[in-house]
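target-v3.cif (mmCIF, C-alpha atoms)
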```cif
data_start
loop_
_atom_site.group_PDB
_atom_site.id
_atom_site.type_symbol
_atom_site.label_atom_id
_atom_site.label_comp_id
_atom_site.auth_asym_id
_atom_site.auth_seq_id
_atom_site.Cartn_x
_atom_site.Cartn_y
_atom_site.Cartn_z
ATOM 1 C CA MET A 1 -8.424 116.305 -96.800
ATOM 2 C CA ASN A 2 -6.943 112.841 -97.299
ATOM 3 C CA ALA A 3 -6.458 111.653 -100.873
ATOM 4 C CA ARG A 4 -8.938 109.091 -102.077
ATOM 5 C CA TYR A 5 -7.336 105.652 -102.293
ATOM 6 C CA VAL A 6 -10.236 103.193 -102.410
ATOM 7 C CA ALA A 7 -12.504 102.197 -105.304
ATOM 8 C CA LEU A 8 -9.886 103.313 -107.824
ATOM 9 C CA PRO A 9 -7.950 101.251 -110.399
ATOM 10 C CA ALA A 10 -4.226 100.800 -109.968
ATOM 11 C CA SER A 11 -2.046 103.241 -111.865
ATOM 12 C CA GLY A 12 1.596 103.687 -112.749
ATOM 13 C CA PRO A 13 4.161 100.881 -113.012
ATOM 14 C CA LEU A 14 2.271 98.728 -110.477
ATOM 15 C CA ALA A 15 -0.749 98.594 -112.778
ATOM 16 C CA ARG A 16 1.365 96.592 -115.275
ATOM 17 C CA ALA A 17 3.361 94.573 -112.744
ATOM 18 C CA LEU A 18 0.610 93.364 -110.407
ATOM 19 C CA PRO A 19 -1.403 91.170 -112.848
ATOM 20 C CA PRO A 20 1.551 88.899 -113.792
ATOM 21 C CA LEU A 21 2.659 88.863 -110.149
ATOM 22 C CA GLY A 22 -0.816 87.652 -109.204
ATOM 23 C CA VAL A 23 -0.538 84.804 -111.713
ATOM 24 C CA VAL A 24 2.901 83.861 -110.394
ATOM 25 C CA ALA A 25 1.594 83.891 -106.819
ATOM 26 C CA PHE A 26 -1.343 81.673 -107.824
ATOM 27 C CA LEU A 27 0.963 79.170 -109.540
ATOM 28 C CA LEU A 28 3.284 79.181 -106.528
ATOM 29 C CA VAL A 29 0.415 78.423 -104.124
ATOM 30 C CA TRP A 30 -0.820 75.710 -106.504
ATOM 31 C CA TRP A 31 2.648 74.132 -106.627
ATOM 32 C CA ILE A 32 3.090 74.266 -102.822
ATOM 33 C CA ILE A 33 -0.303 72.620 -102.213
ATOM 34 C CA THR A 34 0.285 69.804 -104.698
ATOM 35 C CA ALA A 35 4.005 69.233 -104.080
ATOM 36 C CA SER A 36 3.581 69.128 -100.297
ATOM 37 C CA GLY A 37 1.064 66.309 -100.463
ATOM 38 C CA VAL A 38 -1.771 68.308 -98.897
ATOM 39 C CA VAL A 39 -3.992 67.096 -101.739
ATOM 40 C CA ASN A 40 -3.863 63.881 -103.739
ATOM 41 C CA ARG A 41 -2.037 64.515 -107.037
ATOM 42 C CA ALA A 42 -4.273 61.920 -108.662
ATOM 43 C CA PHE A 43 -6.998 64.570 -108.449
ATOM 44 C CA ILE A 44 -5.070 67.859 -108.573
ATOM 45 C CA PRO A 45 -1.762 67.638 -110.485
ATOM 46 C CA THR A 46 1.138 70.053 -110.161
ATOM 47 C CA PRO A 47 1.370 73.068 -112.509
ATOM 48 C CA GLY A 48 4.230 71.325 -114.344
ATOM 49 C CA GLU A 49 2.199 68.177 -114.957
ATOM 50 C CA THR A 50 -0.748 70.252 -116.168
ATOM 51 C CA LEU A 51 1.479 72.246 -118.515
ATOM 52 C CA GLY A 52 2.947 69.011 -119.866
ATOM 53 C CA ALA A 53 -0.536 67.642 -120.553
ATOM 54 C CA LEU A 54 -1.479 70.893 -122.270
ATOM 55 C CA LEU A 55 1.568 70.683 -124.535
ATOM 56 C CA ASP A 56 0.688 67.075 -125.329
ATOM 57 C CA MET A 57 -2.745 68.244 -126.477
ATOM 58 C CA PHE A 58 -0.999 70.449 -129.049
ATOM 59 C CA ARG A 59 1.514 67.741 -130.028
ATOM 60 C CA ASP A 60 -0.883 64.829 -130.511
ATOM 61 C CA GLY A 61 -1.439 65.792 -134.163
ATOM 62 C CA ILE A 62 2.091 64.749 -135.103
ATOM 63 C CA ASP A 63 2.235 61.219 -136.497
ATOM 64 C CA ARG A 64 4.927 58.635 -135.840
ATOM 65 C CA ARG A 65 6.939 59.666 -138.907
ATOM 66 C CA GLY A 66 7.212 63.172 -137.531
ATOM 67 C CA ASN A 67 4.914 64.745 -140.088
ATOM 68 C CA SER A 68 3.180 67.718 -138.574
ATOM 69 C CA ALA A 69 -0.587 67.724 -138.455
ATOM 70 C CA PHE A 70 -0.873 70.557 -135.964
ATOM 71 C CA TRP A 71 -4.405 71.527 -136.954
ATOM 72 C CA ASP A 72 -5.557 67.981 -136.175
ATOM 73 C CA SER A 73 -4.394 68.141 -132.565
ATOM 74 C CA SER A 74 -7.112 67.952 -129.934
ATOM 75 C CA ALA A 75 -6.254 71.428 -128.630
ATOM 76 C CA ILE A 76 -6.910 72.995 -132.035
ATOM 77 C CA ALA A 77 -9.615 70.787 -133.533
ATOM 78 C CA ASP A 78 -11.648 70.493 -130.350
ATOM 79 C CA GLY A 79 -10.984 74.117 -129.470
ATOM 80 C CA TRP A 80 -12.434 75.311 -132.775
ATOM 81 C CA ALA A 81 -15.458 73.032 -132.331
ATOM 82 C CA SER A 82 -16.158 74.592 -128.937
ATOM 83 C CA ILE A 83 -15.607 78.126 -130.211
ATOM 84 C CA ALA A 84 -18.072 77.492 -133.050
ATOM 85 C CA ARG A 85 -20.747 76.264 -130.619
ATOM 86 C CA VAL A 86 -20.328 79.255 -128.328
ATOM 87 C CA ALA A 87 -20.365 81.673 -131.281
ATOM 88 C CA LYS A 88 -23.564 80.159 -132.698
ATOM 89 C CA ALA A 89 -25.288 80.198 -129.328
ATOM 90 C CA VAL A 90 -24.357 83.824 -128.565
ATOM 91 C CA PHE A 91 -25.362 84.882 -132.093
ATOM 92 C CA TRP A 92 -28.849 83.398 -131.729
ATOM 93 C CA ALA A 93 -29.155 84.630 -128.138
ATOM 94 C CA SER A 94 -28.347 88.154 -129.351
ATOM 95 C CA LEU A 95 -30.725 87.882 -132.299
ATOM 96 C CA VAL A 96 -33.583 86.815 -130.027
ATOM 97 C CA GLY A 97 -32.738 88.326 -126.644
ATOM 98 C CA ILE A 98 -31.684 91.850 -127.607
ATOM 99 C CA PRO A 99 -34.935 92.790 -129.414
ATOM 100 C CA ILE A 100 -37.030 91.343 -126.580
ATOM 101 C CA GLY A 101 -34.982 93.222 -123.976
ATOM 102 C CA ILE A 102 -35.191 96.447 -125.968
ATOM 103 C CA VAL A 103 -38.969 96.273 -126.370
ATOM 104 C CA MET A 104 -39.456 95.352 -122.699
ATOM 105 C CA GLY A 105 -37.220 98.202 -121.596
ATOM 106 C CA ALA A 106 -38.887 100.751 -123.870
ATOM 107 C CA PHE A 107 -42.531 99.899 -123.342
ATOM 108 C CA GLY A 108 -43.862 99.353 -119.838
ATOM 109 C CA ARG A 109 -46.870 97.325 -120.934
ATOM 110 C CA VAL A 110 -44.669 94.826 -122.759
ATOM 111 C CA GLU A 111 -42.484 94.570 -119.658
ATOM 112 C CA ALA A 112 -45.527 93.970 -117.452
ATOM 113 C CA PHE A 113 -46.832 91.314 -119.857
ATOM 114 C CA LEU A 114 -43.544 89.358 -120.039
ATOM 115 C CA ARG A 115 -41.958 90.067 -116.651
ATOM 116 C CA TRP A 116 -43.199 86.966 -114.823
ATOM 117 C CA VAL A 117 -42.312 84.757 -117.769
ATOM 118 C CA VAL A 118 -38.873 86.089 -118.743
ATOM 119 C CA PHE A 119 -37.119 87.380 -115.642
ATOM 120 C CA PRO A 120 -37.512 84.264 -113.413
ATOM 121 C CA LEU A 121 -35.647 82.179 -116.025
ATOM 122 C CA LYS A 122 -32.297 83.717 -115.067
ATOM 123 C CA THR A 123 -32.578 81.932 -111.698
ATOM 124 C CA ALA A 124 -33.565 78.607 -113.260
ATOM 125 C CA PRO A 125 -31.231 75.578 -112.911
ATOM 126 C CA ILE A 126 -30.077 75.701 -116.532
ATOM 127 C CA ILE A 127 -28.268 72.338 -116.511
ATOM 128 C CA ALA A 128 -31.488 70.643 -115.419
ATOM 129 C CA PHE A 129 -32.941 71.510 -118.839
ATOM 130 C CA ILE A 130 -30.468 69.268 -120.709
ATOM 131 C CA PRO A 131 -32.938 66.319 -120.791
ATOM 132 C CA VAL A 132 -35.570 68.663 -122.250
ATOM 133 C CA PHE A 133 -33.277 69.662 -125.103
ATOM 134 C CA MET A 134 -32.295 66.030 -125.644
ATOM 135 C CA THR A 135 -35.993 65.223 -126.034
ATOM 136 C CA ILE A 136 -36.467 68.053 -128.547
ATOM 137 C CA TRP A 137 -33.287 67.766 -130.629
ATOM 138 C CA GLY A 138 -31.747 64.434 -129.685
ATOM 139 C CA VAL A 139 -28.096 64.336 -128.708
ATOM 140 C CA ASP A 140 -26.450 65.921 -131.739
ATOM 141 C CA GLU A 141 -25.144 69.391 -132.516
ATOM 142 C CA LYS A 142 -28.532 71.147 -132.361
ATOM 143 C CA MET A 143 -28.969 70.060 -128.757
ATOM 144 C CA LYS A 144 -25.586 71.450 -127.713
ATOM 145 C CA VAL A 145 -26.094 74.807 -129.429
ATOM 146 C CA GLY A 146 -29.725 74.975 -128.262
ATOM 147 C CA PHE A 147 -28.717 74.374 -124.659
ATOM 148 C CA LEU A 148 -26.002 77.055 -124.820
ATOM 149 C CA PHE A 149 -28.496 79.413 -126.481
ATOM 150 C CA PHE A 150 -30.984 78.911 -123.657
ATOM 151 C CA GLY A 151 -28.277 79.346 -121.020
ATOM 152 C CA THR A 152 -27.310 82.740 -122.469
ATOM 153 C CA VAL A 153 -30.587 84.224 -123.729
ATOM 154 C CA VAL A 154 -32.109 84.139 -120.228
ATOM 155 C CA TYR A 155 -29.394 86.638 -119.227
ATOM 156 C CA MET A 156 -29.278 88.558 -122.503
ATOM 157 C CA ILE A 157 -32.874 89.745 -122.149
ATOM 158 C CA PRO A 158 -32.639 91.272 -118.624
ATOM 159 C CA LEU A 159 -29.202 92.757 -119.333
ATOM 160 C CA THR A 160 -30.544 94.446 -122.468
ATOM 161 C CA PHE A 161 -33.608 95.560 -120.514
ATOM 162 C CA ASP A 162 -31.336 97.172 -117.907
ATOM 163 C CA ALA A 163 -29.326 98.867 -120.682
ATOM 164 C CA ILE A 164 -32.462 100.512 -122.089
ATOM 165 C CA ARG A 165 -33.786 101.499 -118.667
ATOM 166 C CA GLY A 166 -30.357 102.892 -117.796
ATOM 167 C CA VAL A 167 -30.559 105.593 -120.472
ATOM 168 C CA PRO A 168 -30.963 108.995 -118.744
ATOM 169 C CA GLU A 169 -34.476 110.441 -118.757
ATOM 170 C CA GLU A 170 -33.126 113.585 -120.400
ATOM 171 C CA TYR A 171 -32.726 111.665 -123.666
ATOM 172 C CA VAL A 172 -36.412 110.723 -123.697
ATOM 173 C CA ASP A 173 -37.444 114.238 -122.697
ATOM 174 C CA ALA A 174 -35.379 115.659 -125.554
ATOM 175 C CA ALA A 175 -37.019 113.251 -128.020
ATOM 176 C CA VAL A 176 -40.479 114.283 -126.848
ATOM 177 C CA ASP A 177 -39.562 117.963 -127.128
ATOM 178 C CA PHE A 178 -38.450 117.382 -130.728
ATOM 179 C CA GLY A 179 -41.750 115.664 -131.495
ATOM 180 C CA PHE A 180 -40.494 112.109 -132.011
ATOM 181 C CA THR A 181 -42.994 109.257 -131.865
ATOM 182 C CA PRO A 182 -42.425 106.455 -129.323
ATOM 183 C CA VAL A 183 -40.881 104.276 -132.037
ATOM 184 C CA GLY A 184 -38.756 107.183 -133.270
ATOM 185 C CA THR A 185 -37.604 107.867 -129.714
ATOM 186 C CA LEU A 186 -36.635 104.230 -129.328
ATOM 187 C CA TRP A 187 -34.770 104.072 -132.621
ATOM 188 C CA HIS A 188 -33.011 107.457 -132.598
ATOM 189 C CA PHE A 189 -32.386 107.998 -128.884
ATOM 190 C CA LEU A 190 -32.738 104.964 -126.620
ATOM 191 C CA ILE A 191 -30.999 102.294 -128.703
ATOM 192 C CA PRO A 192 -27.954 104.419 -129.696
ATOM 193 C CA ALA A 193 -27.512 105.545 -126.093
ATOM 194 C CA ALA A 194 -27.833 101.983 -124.784
ATOM 195 C CA TRP A 195 -25.567 100.290 -127.343
ATOM 196 C CA PRO A 196 -22.415 100.301 -125.169
ATOM 197 C CA ARG A 197 -24.237 98.462 -122.378
ATOM 198 C CA ILE A 198 -26.006 96.170 -124.858
ATOM 199 C CA PHE A 199 -22.637 95.174 -126.292
ATOM 200 C CA GLU A 200 -21.421 94.643 -122.736
ATOM 201 C CA ALA A 201 -24.363 92.237 -122.346
ATOM 202 C CA ILE A 202 -23.113 90.299 -125.373
ATOM 203 C CA LYS A 203 -19.663 90.188 -123.786
ATOM 204 C CA VAL A 204 -21.044 88.941 -120.454
ATOM 205 C CA CYS A 205 -23.244 86.316 -122.099
ATOM 206 C CA THR A 206 -20.293 85.015 -124.117
ATOM 207 C CA GLY A 207 -18.518 84.340 -120.830
ATOM 208 C CA ILE A 208 -21.640 82.631 -119.485
ATOM 209 C CA ALA A 209 -21.767 80.399 -122.574
ATOM 210 C CA TRP A 210 -18.211 79.231 -121.853
ATOM 211 C CA THR A 211 -19.222 78.269 -118.302
ATOM 212 C CA TYR A 212 -21.949 75.965 -119.659
ATOM 213 C CA LEU A 213 -19.797 74.514 -122.444
ATOM 214 C CA VAL A 214 -18.628 71.343 -120.700
ATOM 215 C CA ALA A 215 -22.170 70.489 -119.611
ATOM 216 C CA ALA A 216 -23.300 70.758 -123.243
ATOM 217 C CA GLU A 217 -20.426 68.764 -124.700
ATOM 218 C CA ILE A 218 -20.402 65.753 -122.376
ATOM 219 C CA VAL A 219 -23.696 64.586 -123.919
ATOM 220 C CA ASN A 220 -22.975 62.251 -126.851
ATOM 221 C CA VAL A 221 -19.284 63.121 -126.688
ATOM 222 C CA THR A 222 -17.879 63.674 -130.194
ATOM 223 C CA THR A 223 -15.833 66.871 -130.466
ATOM 224 C CA GLY A 224 -15.027 69.862 -128.316
ATOM 225 C CA LEU A 225 -13.009 70.628 -125.221
ATOM 226 C CA GLY A 226 -15.767 69.099 -123.118
ATOM 227 C CA ARG A 227 -15.003 65.814 -124.845
ATOM 228 C CA VAL A 228 -11.320 66.176 -123.971
ATOM 229 C CA ILE A 229 -12.168 66.694 -120.289
ATOM 230 C CA PHE A 230 -14.752 63.903 -120.257
ATOM 231 C CA ASP A 231 -12.392 61.361 -121.848
ATOM 232 C CA ALA A 232 -9.531 62.371 -119.562
ATOM 233 C CA ARG A 233 -11.733 61.971 -116.482
ATOM 234 C CA ARG A 234 -12.935 58.587 -117.690
ATOM 235 C CA PHE A 235 -9.336 57.375 -118.004
ATOM 236 C CA GLN A 236 -8.348 59.102 -114.723
ATOM 237 C CA ASN A 237 -5.888 61.407 -116.461
ATOM 238 C CA ALA A 238 -6.051 64.341 -114.031
ATOM 239 C CA PRO A 239 -3.349 66.474 -115.748
ATOM 240 C CA ARG A 240 -5.278 66.349 -119.022
ATOM 241 C CA VAL A 241 -8.534 67.233 -117.225
ATOM 242 C CA TRP A 242 -6.934 70.328 -115.746
ATOM 243 C CA ALA A 243 -5.224 71.127 -119.045
ATOM 244 C CA GLY A 244 -8.609 71.093 -120.762
ATOM 245 C CA ILE A 245 -10.037 73.369 -118.074
ATOM 246 C CA LEU A 246 -7.129 75.797 -118.450
ATOM 247 C CA LEU A 247 -7.537 75.811 -122.232
ATOM 248 C CA ILE A 248 -11.231 76.698 -121.895
ATOM 249 C CA LEU A 249 -10.264 79.401 -119.412
ATOM 250 C CA ALA A 250 -7.607 80.779 -121.769
ATOM 251 C CA ILE A 251 -9.951 80.866 -124.772
ATOM 252 C CA GLY A 252 -12.646 82.484 -122.643
ATOM 253 C CA VAL A 253 -10.230 85.180 -121.461
ATOM 254 C CA LEU A 254 -9.002 85.856 -125.017
ATOM 255 C CA THR A 255 -12.601 86.087 -126.224
ATOM 256 C CA ASP A 256 -13.420 88.508 -123.426
ATOM 257 C CA GLN A 257 -10.368 90.639 -124.256
ATOM 258 C CA ALA A 258 -11.258 90.676 -127.965
ATOM 259 C CA LEU A 259 -14.840 91.753 -127.288
ATOM 260 C CA GLY A 260 -13.564 94.357 -124.845
ATOM 261 C CA ALA A 261 -11.311 95.770 -127.583
ATOM 262 C CA VAL A 262 -14.278 95.912 -129.990
ATOM 263 C CA ARG A 263 -16.338 97.744 -127.379
ATOM 264 C CA ARG A 264 -13.591 100.299 -126.769
ATOM 265 C CA ARG A 265 -13.146 100.806 -130.516
ATOM 266 C CA PHE A 266 -16.772 101.112 -131.619
ATOM 267 C CA PHE A 267 -18.845 101.738 -128.479
ATOM 268 C CA ASN A 268 -16.629 103.944 -126.366
ATOM 269 C CA TRP A 269 -19.369 106.348 -125.249
ATOM 270 C CA GLU A 270 -21.599 106.035 -122.226
ATOM 271 C CA ALA A 271 -25.044 107.518 -121.815
#
```

Re-express the file's structure as C-alpha cells.
Amino acid sequence: MNARYVALPASGPLARALPPLGVVAFLLVWWIITASGVVNRAFIPTPGETLGALLDMFRDGIDRRGNSAFWDSSAIADGWASIARVAKAVFWASLVGIPIGIVMGAFGRVEAFLRWVVFPLKTAPIIAFIPVFMTIWGVDEKMKVGFLFFGTVVYMIPLTFDAIRGVPEEYVDAAVDFGFTPVGTLWHFLIPAAWPRIFEAIKVCTGIAWTYLVAAEIVNVTTGLGRVIFDARRFQNAPRVWAGILLILAIGVLTDQALGAVRRRFFNWEA
C-alpha cells in the first residue's frame, strides 16, 4: 500500500524552511512585477519603497533636535488605537454572541425561534450598515467600535452554535444517564467540551474584525491605522498606503499567533 502523502502537514526540516521561503518568493514576485514596469509604481510600489515608508512611520516621532518620541510615531500611536478598537469590539461580540450561540445550540426551540433572524446576518453586506451606525452613534469612537462589534458578532453566534452542536452525542447521553437536568447538562458537559471550538471562534472573529478595521476608521478620520491609509491615499503616497496595509496584516498575524498560543495552552483538548 502506498504511503499517504496528501492532506497532511509538512514535517521535518522542510516544515521550518518552507514558510520563510514562501515569503521570499512572494517578495521576489512583487519586486519583479513592480520593477519591470508591468504595473504603475504610483499605485503599487516596490517592496523596498514600502519598507522605507514603514520605517518612516516608526521614525516620524523623532523631532528635529533628534529627541526620541518613539511612542508618538504613527505606527505605534495609531497601531494601539486600532488594537484597542478591535479588542473592545471582540470583547463585546464575545459577551453577547457566545451566550446566544450556546443557548441556540443547546435548545432546539431557541434555535428555531432565532434562526431566521440571526443566521442570515452573516451574509449581510456589513459595510453597508455604516450609515446606520453613524445615525445611531454619530461619527465618533462609539460608531467605530459598534460597527466592528456588529461585523464580528454576526459570525460569533453561528460559530459558537456550531461548537455546541459539534459536541459528540455521547456526552449528552452520559449526562442524561447521570440524571443531570438540561441546564446541568449544558453547564457541566456541553460548554466544557465545546470551549476549544468556542475559543477558536473568538480567534476567527478577531481576524474578521481586522478586515473591517479600515472601513470603520475612515469615517471621521482621527486616529488608527485606517487614518494612516486614508491620509496616504489622499496625498497619493502609495508606499505609505501599502505600509499601513502591511502593518495591519502584521498586527493581525501576531494577534492570531498569540490567541493560538493561548488556545494550545488552556484549551488543548478536543471533544

Residues of segment 46-131 of chain A that have any atom at most 10 Å from an atom of segment 204-226 of chain A: could you tabulate them with the shortest-distance atom pair and the distance in Å to one decimal, using only C-alpha atoms, ordered by chain and increasing number, as CSV?
```
residue,atom,partner,partner_atom,distance
A:Ser74,CA,A:Leu225,CA,8.0
A:Ala75,CA,A:Leu225,CA,7.6
A:Ile76,CA,A:Leu225,CA,9.4
A:Ala77,CA,A:Gly224,CA,7.6
A:Asp78,CA,A:Gly224,CA,4.0
A:Gly79,CA,A:Leu225,CA,5.9
A:Trp80,CA,A:Gly224,CA,7.5
A:Ala81,CA,A:Gly224,CA,5.1
A:Ser82,CA,A:Gly224,CA,4.9
A:Ile83,CA,A:Gly224,CA,8.5
A:Ala84,CA,A:Gly224,CA,9.5
A:Arg85,CA,A:Leu213,CA,8.4
A:Val86,CA,A:Ala209,CA,6.0
A:Ala87,CA,A:Thr206,CA,7.9
A:Ala89,CA,A:Ala209,CA,7.6
A:Val90,CA,A:Thr206,CA,6.1
A:Phe91,CA,A:Thr206,CA,9.5
A:Ala93,CA,A:Cys205,CA,8.6
A:Ser94,CA,A:Cys205,CA,9.1
A:Ile126,CA,A:Tyr212,CA,8.7
A:Ile127,CA,A:Ala215,CA,7.1
A:Ile130,CA,A:Ala216,CA,7.7
A:Pro131,CA,A:Val219,CA,9.9
```

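Atom to atom, atom CA of Trp116 of chain A and atom CA of Thr152 of chain A stand 18.1 Å apart.
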
With 6 Å added on each side, what axis-aligned box encloses every listed atom of segment 267-270 of chain A? Give the centre and edge lengths in Å to one decimal, as lines of an AutoDock Vina configuration file.
```
center_x = -19.1
center_y = 104.0
center_z = -125.4
size_x = 17.0
size_y = 16.6
size_z = 18.3
```

Original post:
If the PyMOL selection byres ((chain A and resi 155) around 9) is run on the structure shown, which residues does it catch, given as a ChimeraX atom specification?
Top reply: /A:97,119,121-122,151-154,156-160,201,204-205,208

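Proximity ranking of A:Ala243, A:Glu141, A:Leu186, A:Val6 relative to Pro99 of chain A places A:Leu186 first, based on only C-alpha atoms.
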
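For the pair atom CA of Glu170 of chain A and atom CA of Ala112 of chain A, the separation is 23.4 Å.
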
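Each of A:Gly184, A:Ala53, A:Gly138, A:Gly179 was checked against Ile229 of chain A using only C-alpha atoms; the smallest atom-to-atom distance is that of A:Ala53.
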
Subject >> Residues near Arg263 of chain A, cut-off 10 Å, only C-alpha atoms, skip fewer than 2 positions along chain, as a list in words >> reply: Trp195, Pro196, Arg197, Phe199, Glu200, Lys203, Gln257, Ala258, Leu259, Gly260, Ala261, Arg265, Phe266, Phe267, Asn268 and Trp269 of chain A

Could you please take those selected residues and save C-alpha atoms as a CSV table (one decimal), in the coordinates of the input?
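Saved to result_13.csv:
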```csv
chain,number,residue,atom,x,y,z
A,195,TRP,CA,-25.6,100.3,-127.3
A,196,PRO,CA,-22.4,100.3,-125.2
A,197,ARG,CA,-24.2,98.5,-122.4
A,199,PHE,CA,-22.6,95.2,-126.3
A,200,GLU,CA,-21.4,94.6,-122.7
A,203,LYS,CA,-19.7,90.2,-123.8
A,257,GLN,CA,-10.4,90.6,-124.3
A,258,ALA,CA,-11.3,90.7,-128.0
A,259,LEU,CA,-14.8,91.8,-127.3
A,260,GLY,CA,-13.6,94.4,-124.8
A,261,ALA,CA,-11.3,95.8,-127.6
A,265,ARG,CA,-13.1,100.8,-130.5
A,266,PHE,CA,-16.8,101.1,-131.6
A,267,PHE,CA,-18.8,101.7,-128.5
A,268,ASN,CA,-16.6,103.9,-126.4
A,269,TRP,CA,-19.4,106.3,-125.2
```

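Residues in contact range of segment 19-32 of chain A, defined as at most 8 Å between all atoms listed in the file, with sequence neighbours fewer than 4 positions away removed, read Ala15, Ser36, Thr46 and Pro47 of chain A.
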
Output file for the selection above: C-alpha atoms, as a compact mmCIF listing (two decimals), in the coordinates of the input:
```
# COMPACT_ATOMS: atom_id res chain seq x y z
CA ALA A 15 -0.75 98.59 -112.78
CA SER A 36 3.58 69.13 -100.30
CA THR A 46 1.14 70.05 -110.16
CA PRO A 47 1.37 73.07 -112.51
```

Original post:
Which value, in Å to one decimal, gives the distance between atom CA of His188 of chain A and atom CA of Val117 of chain A?
Top reply: 28.7 Å

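For the set A:Phe150, A:Phe113, A:Phe161, A:Trp137, the residue with the smallest atom-to-atom gap to Pro125 of chain A is A:Phe150, counting only C-alpha atoms.
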
**OP:** Would you kindly return, as a PyMOL selection string, each protein, DNA or RNA residue with an atom no farther than 12 Å from any atom of Pro182 of chain A, considering all atoms listed in the file and excluding same-chain residues fewer than 3 positions away?
**Re:** chain A and resi 103+106-108+172-173+175-176+178-179+185-190

Original post:
Looking at all atoms listed in the file, which of A:Ala10, A:Ala128, A:Ile102, A:Ala42 is the one that sits closest to Ala193 of chain A?
Top reply: A:Ile102

Original post:
segment 162-165 of chain A: which residues within 6 Å, counting only C-alpha atoms, same-chain residues fewer than 4 positions away excluded, as number ranges by chain?
Top reply: A: 105, 194, 197-198
